[in-house]
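As stored in input.csv (CSV, C-alpha atoms and all ligand atoms):
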```csv
chain,number,residue,atom,x,y,z
A,1,MET,CA,-2.9,-21.7,-2.6
A,2,SER,CA,-6.4,-23.1,-2.1
A,3,GLU,CA,-5.5,-23.8,1.5
A,4,ALA,CA,-4.9,-20.1,2.1
A,5,LYS,CA,-8.2,-19.3,0.5
A,6,ARG,CA,-9.9,-21.8,2.8
A,7,LEU,CA,-8.3,-20.3,5.9
A,8,ALA,CA,-9.3,-16.8,4.9
A,9,ALA,CA,-12.9,-17.8,4.1
A,10,GLU,CA,-13.3,-19.8,7.4
A,11,LYS,CA,-12.0,-16.8,9.4
A,12,ALA,CA,-14.8,-14.7,7.9
A,13,ILE,CA,-17.4,-16.8,9.8
A,14,ASP,CA,-16.3,-14.8,12.9
A,15,TYR,CA,-18.2,-11.8,11.4
A,16,VAL,CA,-21.5,-13.7,11.1
A,17,GLU,CA,-23.9,-12.9,13.9
A,18,ASP,CA,-27.0,-14.8,14.9
A,19,GLY,CA,-30.1,-14.0,12.8
A,20,MET,CA,-28.1,-12.2,10.1
A,21,ILE,CA,-28.9,-12.1,6.4
A,22,VAL,CA,-25.4,-12.5,4.8
A,23,GLY,CA,-24.4,-11.0,1.5
A,24,VAL,CA,-22.3,-13.6,-0.4
A,25,GLY,CA,-19.8,-13.0,-3.2
A,26,THR,CA,-18.6,-15.3,-6.0
A,27,GLY,CA,-15.5,-17.3,-6.7
A,28,SER,CA,-13.3,-20.2,-5.3
A,29,THR,CA,-12.5,-18.4,-2.0
A,30,VAL,CA,-16.2,-17.6,-1.4
A,31,ALA,CA,-17.0,-21.3,-2.1
A,32,TYR,CA,-15.1,-22.2,1.0
A,33,PHE,CA,-17.1,-19.5,2.9
A,34,ILE,CA,-20.4,-20.9,1.6
A,35,ASP,CA,-19.4,-24.4,2.8
A,36,ALA,CA,-18.5,-23.0,6.3
A,37,LEU,CA,-21.8,-21.0,6.3
A,38,GLY,CA,-23.6,-24.3,5.6
A,39,ARG,CA,-22.2,-25.7,8.8
A,40,ILE,CA,-23.9,-22.8,10.8
A,41,LYS,CA,-27.0,-22.3,8.6
A,42,HIS,CA,-29.3,-22.7,11.6
A,43,ARG,CA,-27.8,-19.5,13.0
A,44,ILE,CA,-28.6,-17.2,10.0
A,45,ALA,CA,-31.8,-16.0,8.4
A,46,GLY,CA,-30.6,-16.5,4.8
A,47,ALA,CA,-28.3,-15.0,2.2
A,48,VAL,CA,-28.3,-12.6,-0.7
A,49,SER,CA,-26.2,-14.0,-3.6
A,50,SER,CA,-24.1,-12.2,-6.2
A,51,SER,CA,-24.3,-14.9,-8.9
A,52,GLU,CA,-26.1,-18.0,-10.1
A,53,GLN,CA,-23.0,-20.0,-9.2
A,54,SER,CA,-23.1,-18.9,-5.6
A,55,THR,CA,-26.9,-19.3,-5.5
A,56,GLN,CA,-26.6,-22.9,-6.5
A,57,ARG,CA,-24.0,-23.6,-3.9
A,58,LEU,CA,-25.9,-21.8,-1.1
A,59,ARG,CA,-29.1,-23.8,-2.0
A,60,SER,CA,-27.1,-27.1,-2.0
A,61,HIS,CA,-26.4,-26.4,1.6
A,62,GLY,CA,-30.1,-25.7,2.3
A,63,ILE,CA,-29.4,-21.9,2.8
A,64,GLU,CA,-32.4,-19.7,1.7
A,65,VAL,CA,-31.4,-17.2,-1.0
A,66,LEU,CA,-33.3,-13.9,-0.6
A,67,ASP,CA,-33.9,-11.0,-3.0
A,68,LEU,CA,-32.0,-7.8,-2.1
A,69,ASN,CA,-35.2,-5.8,-2.9
A,70,ALA,CA,-37.0,-7.6,-0.1
A,71,THR,CA,-34.2,-7.6,2.5
A,72,GLY,CA,-33.1,-4.0,2.4
A,73,PRO,CA,-29.6,-3.1,3.7
A,74,LEU,CA,-27.4,-6.0,4.8
A,75,PRO,CA,-25.1,-6.0,7.8
A,76,LEU,CA,-22.4,-8.1,6.2
A,77,TYR,CA,-21.0,-8.9,2.8
A,78,VAL,CA,-18.2,-11.5,2.3
A,79,ASP,CA,-16.4,-11.7,-1.0
A,80,GLY,CA,-13.1,-12.4,-2.6
A,81,ALA,CA,-11.0,-10.3,-4.9
A,82,ASP,CA,-8.4,-10.5,-7.7
A,83,GLU,CA,-6.2,-7.8,-6.3
A,84,CYS,CA,-6.1,-5.8,-3.1
A,85,ASP,CA,-4.0,-2.7,-2.3
A,86,PRO,CA,-2.9,-1.4,1.1
A,87,PHE,CA,-6.0,0.8,1.3
A,88,LYS,CA,-8.3,-2.2,0.8
A,89,ARG,CA,-9.2,-1.0,-2.7
A,90,LEU,CA,-9.9,-4.0,-5.0
A,91,ILE,CA,-10.0,-5.3,-8.5
A,92,LYS,CA,-12.8,-7.7,-8.8
A,93,GLY,CA,-14.7,-9.4,-11.6
A,94,GLY,CA,-12.4,-12.3,-12.5
A,95,GLY,CA,-15.5,-14.5,-12.2
A,96,ALA,CA,-17.6,-12.0,-14.2
A,97,ALA,CA,-19.9,-11.3,-11.3
A,98,LEU,CA,-18.7,-7.7,-10.6
A,99,THR,CA,-22.0,-5.9,-11.1
A,100,ARG,CA,-24.1,-7.9,-8.6
A,101,GLU,CA,-21.0,-7.9,-6.3
A,102,LYS,CA,-20.8,-4.1,-6.4
A,103,ILE,CA,-24.5,-3.8,-5.7
A,104,ILE,CA,-24.3,-6.0,-2.6
A,105,ALA,CA,-21.2,-4.3,-1.4
A,106,GLU,CA,-22.9,-1.0,-1.6
A,107,ALA,CA,-26.0,-2.3,0.3
A,108,SER,CA,-23.8,-3.7,3.1
A,109,GLY,CA,-22.7,-2.2,6.3
A,110,LYS,CA,-19.5,-4.2,6.5
A,111,PHE,CA,-17.6,-5.7,3.5
A,112,VAL,CA,-15.2,-8.4,4.6
A,113,CYS,CA,-12.9,-9.4,1.7
A,114,VAL,CA,-11.2,-12.8,1.8
A,115,ILE,CA,-8.0,-13.4,-0.2
A,116,ASP,CA,-4.9,-15.5,-0.4
A,117,PRO,CA,-1.6,-13.6,-0.1
A,118,ALA,CA,-0.9,-13.6,-3.8
A,119,LYS,CA,-3.7,-11.1,-4.3
A,120,ARG,CA,-1.9,-8.3,-2.3
A,121,VAL,CA,-0.3,-5.6,-4.5
A,122,ASP,CA,1.0,-2.1,-3.9
A,123,VAL,CA,-0.6,-0.7,-7.0
A,124,LEU,CA,-3.7,-2.1,-8.7
A,125,GLY,CA,-3.7,-3.1,-12.3
A,126,LYS,CA,-1.4,-6.0,-13.0
A,127,PHE,CA,-4.6,-8.2,-13.0
A,128,PRO,CA,-6.5,-7.1,-16.1
A,129,LEU,CA,-9.3,-4.8,-15.0
A,130,PRO,CA,-12.8,-6.3,-15.8
A,131,VAL,CA,-15.4,-3.9,-17.2
A,132,GLU,CA,-19.0,-5.2,-17.8
A,133,VAL,CA,-20.5,-3.7,-20.9
A,134,ILE,CA,-23.8,-3.8,-22.8
A,135,PRO,CA,-23.0,-6.0,-25.9
A,136,MET,CA,-23.7,-3.4,-28.6
A,137,ALA,CA,-21.3,-0.9,-26.9
A,138,ARG,CA,-18.3,-3.3,-26.7
A,139,SER,CA,-16.2,-1.6,-29.4
A,140,LEU,CA,-17.3,1.9,-28.4
A,141,VAL,CA,-16.3,1.3,-24.8
A,142,ALA,CA,-13.0,-0.4,-25.8
A,143,ARG,CA,-12.0,2.7,-27.9
A,144,ALA,CA,-12.9,5.0,-25.1
A,145,ILE,CA,-10.9,3.0,-22.6
A,146,VAL,CA,-7.8,3.1,-24.9
A,147,ALA,CA,-8.2,6.9,-25.3
A,148,LYS,CA,-8.7,7.5,-21.6
A,149,THR,CA,-6.2,5.0,-20.1
A,150,GLY,CA,-3.8,3.8,-22.7
A,151,GLY,CA,-4.7,0.3,-21.5
A,152,GLN,CA,-5.5,-2.6,-23.9
A,153,PRO,CA,-9.1,-3.9,-23.5
A,154,VAL,CA,-9.5,-7.6,-24.5
A,155,TRP,CA,-13.0,-9.0,-25.0
A,156,ARG,CA,-13.6,-12.0,-22.8
A,157,ASP,CA,-15.0,-13.8,-25.8
A,158,GLY,CA,-17.7,-16.4,-25.0
A,159,VAL,CA,-18.4,-15.1,-21.5
A,160,VAL,CA,-21.9,-13.8,-20.9
A,161,THR,CA,-22.6,-12.4,-17.4
A,162,ASP,CA,-25.6,-13.3,-15.3
A,163,ASN,CA,-27.1,-10.0,-16.5
A,164,GLY,CA,-26.7,-10.9,-20.2
A,165,ASN,CA,-23.7,-8.6,-20.8
A,166,TRP,CA,-20.1,-9.0,-22.0
A,167,VAL,CA,-16.8,-8.3,-20.2
A,168,LEU,CA,-13.7,-6.4,-21.4
A,169,ASP,CA,-10.5,-7.1,-19.5
A,170,VAL,CA,-8.2,-4.1,-19.6
A,171,HIS,CA,-4.5,-5.0,-19.6
A,172,GLY,CA,-1.5,-2.8,-19.0
A,173,LEU,CA,-2.8,-0.5,-16.3
A,174,ALA,CA,-1.0,0.9,-13.2
A,175,ILE,CA,-3.8,2.4,-11.4
A,176,VAL,CA,-2.5,5.3,-9.2
A,177,ASP,CA,-5.9,6.9,-8.7
A,178,PRO,CA,-8.4,4.0,-8.4
A,179,VAL,CA,-11.3,6.3,-7.2
A,180,GLY,CA,-10.8,8.6,-10.1
A,181,LEU,CA,-10.5,5.8,-12.7
A,182,GLU,CA,-13.6,4.0,-11.3
A,183,ARG,CA,-15.6,7.2,-11.7
A,184,GLU,CA,-14.2,8.1,-15.1
A,185,LEU,CA,-14.8,4.7,-16.7
A,186,ALA,CA,-18.3,4.3,-15.2
A,187,GLN,CA,-19.3,7.4,-17.2
A,188,ILE,CA,-18.7,5.9,-20.6
A,189,PRO,CA,-22.1,5.1,-22.2
A,190,GLY,CA,-22.5,1.3,-22.4
A,191,VAL,CA,-20.4,0.6,-19.3
A,192,VAL,CA,-22.5,-1.4,-16.8
A,193,CYS,CA,-19.9,-1.8,-14.1
A,194,VAL,CA,-16.1,-1.2,-13.6
A,195,GLY,CA,-14.4,-3.9,-11.5
A,196,LEU,CA,-12.7,-1.4,-9.3
A,197,PHE,CA,-14.0,-1.3,-5.8
A,198,ALA,CA,-12.3,1.9,-4.6
A,199,ARG,CA,-15.1,4.4,-3.9
A,200,ARG,CA,-16.5,1.6,-1.7
A,201,PRO,CA,-13.5,-0.4,-0.7
A,202,ALA,CA,-13.5,-3.4,1.7
A,203,ASP,CA,-13.8,-2.6,5.4
A,204,VAL,CA,-11.8,-5.7,6.5
A,205,VAL,CA,-9.4,-7.8,4.5
A,206,ILE,CA,-8.6,-11.3,5.7
A,207,ILE,CA,-5.4,-12.7,4.2
A,208,GLY,CA,-5.4,-16.5,4.5
A,209,GLY,CA,-2.5,-18.1,6.4
A,210,GLU,CA,-1.7,-19.7,9.7
A,211,PRO,CA,-2.8,-17.5,11.4
A,212,PRO,CA,-4.8,-15.3,9.0
A,213,ILE,CA,-3.7,-11.7,8.8
A,214,LEU,CA,-6.3,-8.9,9.1
A,215,LEU,CA,-6.0,-5.5,7.3
B,301,LIG,C1,-15.8,-12.8,-9.1
B,301,LIG,C2,-14.8,-12.1,-8.3
B,301,LIG,C3,-13.9,-13.0,-7.3
B,301,LIG,O1,-14.1,-12.5,-6.0
B,301,LIG,C4,-12.5,-12.9,-7.8
B,301,LIG,O2,-12.4,-13.3,-9.1
B,301,LIG,C5,-11.6,-13.8,-6.9
B,301,LIG,O3,-11.9,-15.2,-7.2
B,301,LIG,P1,-11.2,-16.4,-6.5
B,301,LIG,O4,-11.7,-16.4,-5.0
B,301,LIG,O5,-11.7,-17.6,-7.2
B,301,LIG,O6,-9.7,-16.2,-6.6
B,301,LIG,O7,-14.6,-10.9,-8.3
B,301,LIG,O8,-16.4,-11.9,-10.0
```
Starting from the coordinates I provided, produce the structure as structure tokens.
Ligand code: 5RP
Amino acid sequence: MSEAKRLAAEKAIDYVEDGMIVGVGTGSTVAYFIDALGRIKHRIAGAVSSSEQSTQRLRSHGIEVLDLNATGPLPLYVDGADECDPFKRLIKGGGAALTREKIIAEASGKFVCVIDPAKRVDVLGKFPLPVEVIPMARSLVARAIVAKTGGQPVWRDGVVTDNGNWVLDVHGLAIVDPVGLERELAQIPGVVCVGLFARRPADVVIIGGEPPILL
């Protein structure tokens, strides 16, 4: 499976143009992308990172990590996903980096998502939907999610996000209206970010294989 991740991630290098500042996601698939980016680092102007984990890996390759406030809009964002539907709508946040990932996706002209074939689904929701919450609102948000969706939120106990928040993973969903659910859950007070990337889906999905498949 990691071979498929590597093949997808390395194909994403095709989208990197000279002088670009590249938005970089988080996770094991993106780790392959960062390693490939390291091999062409002389061609890029730097990266904006979605997590402390990716920042460390970027810096270990000598790639400069820049502040999104200083760079302005980015031409390209490359990130993985936990699930991807036929409309390139995603569940993300398995690595608890969903908030910064969504910010960079929003700031980017092109979002290239790199996945292995097991991430493809017809309907999102088999993978528990991550929701980042302000710690004091954990139970309030969980009750609201049960009432609104019938899903079962489970606290990812022990995990603190890079923003100092907690994560609820919502089990038992079959998400037929991802845009509507993303909007509805985002309105619950205490929700920082919903791990549905439907309002701003990926622009290109690369599914790792020999050869990689593009959606
Ligand atoms: C991190 C994410 C990752 O992109 C997602 O969890 C996929 O990870 P991996 O590439 O390790 O399978 O959303 O918050």
Using only C-alpha atoms and all ligand atoms, what are the residues with an atom within 6 Å of ligand LIG 301 (chain B), set out as number ranges by chain? A: 26-30, 79-82, 92-98
Between CA of Thr161 (chain A) and CA of Phe127 (chain A), what distance in Å does the model show, to one decimal?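 Calculated distance between CA of Thr161 (chain A) and CA of Phe127 (chain A) is 19.0 Å.
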Env of Gln187 (chain A): 12 Å cut, atoms = only C-alpha atoms, seq-sep filter 3 positions within chain, self excluded. Answer as a tab-separated table (two decimals) with C-alpha atoms, in the frame of the given file.
```tsv
chain	number	residue	atom	x	y	z
A	131	VAL	CA	-15.40	-3.90	-17.20
A	133	VAL	CA	-20.50	-3.70	-20.90
A	141	VAL	CA	-16.30	1.30	-24.80
A	144	ALA	CA	-12.90	5.00	-25.10
A	145	ILE	CA	-10.90	3.00	-22.60
A	148	LYS	CA	-8.70	7.50	-21.60
A	180	GLY	CA	-10.80	8.60	-10.10
A	181	LEU	CA	-10.50	5.80	-12.70
A	182	GLU	CA	-13.60	4.00	-11.30
A	183	ARG	CA	-15.60	7.20	-11.70
A	184	GLU	CA	-14.20	8.10	-15.10
A	190	GLY	CA	-22.50	1.30	-22.40
A	191	VAL	CA	-20.40	0.60	-19.30
A	192	VAL	CA	-22.50	-1.40	-16.80
A	193	CYS	CA	-19.90	-1.80	-14.10
A	194	VAL	CA	-16.10	-1.20	-13.60
```
Each residue of region 113-178 of chain A lying at most 9 Å from region 7-14 of chain A should get a row with its shortest atom-to-atom pair and the distance in Å to one decimal, counting all atoms listed in the file; could you produce that, ordered by chain and increasing number, as a Markdown table?
```
| residue | atom | partner | partner_atom | distance |
| --- | --- | --- | --- | --- |
| A:Cys113 | CA | A:Ala12 | CA | 8.4 |
| A:Val114 | CA | A:Ala8 | CA | 5.4 |
| A:Ile115 | CA | A:Ala8 | CA | 6.3 |
| A:Asp116 | CA | A:Ala8 | CA | 7.0 |
```
Find the residue from A:Pro86, A:Gly23, A:Pro211, A:Gly109 that sits nearest to Leu68 (chain A); use only C-alpha atoms when measuring. A:Gly23
Please report the interatomic distance between CA of Met20 (chain A) and CA of Ile44 (chain A) in Å with one decimal.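 A separation of 5.0 Å between them.
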Distance query Arg156 (chain A) at most 7 Å, only C-alpha atoms, self and fewer than 6 positions along chain excluded, as number ranges by chain: A: 167-169
Env of region 196-203 of chain A: 8 Å cut, atoms = all atoms listed in the file, seq-sep filter 5 positions within chain, self excluded. Answer as a VMD selection string. chain A and resid 87 to 92 102 105 to 106 110 to 113 129 178 to 179 182
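Atom pair CA of Ile103 (chain A) / CA of Ile175 (chain A) has a distance of 22.3 Å (rounded to one decimal).
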Pull the neighbourhood of (-26.9, -4.9, -1.5) for me: all residues within 12 Å in file coordinates, counting all atoms listed in the file, as number ranges by chain. A: 21-25, 47-50, 66-78, 99-111
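Nearest residue to Ala174 (chain A) among A:Val121, A:Val204, A:Ile134, A:Arg59 is A:Val121, counting only C-alpha atoms.
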From the set A:Glu132, A:Glu52, A:Asp35, A:Glu64, which residue has the shortest atom-to-atom contact distance to Asn165 (chain A), counting all atoms listed in the file?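 Of A:Glu132, A:Glu52, A:Asp35, A:Glu64, the one nearest Asn165 (chain A), counting all atoms listed in the file, is A:Glu132.
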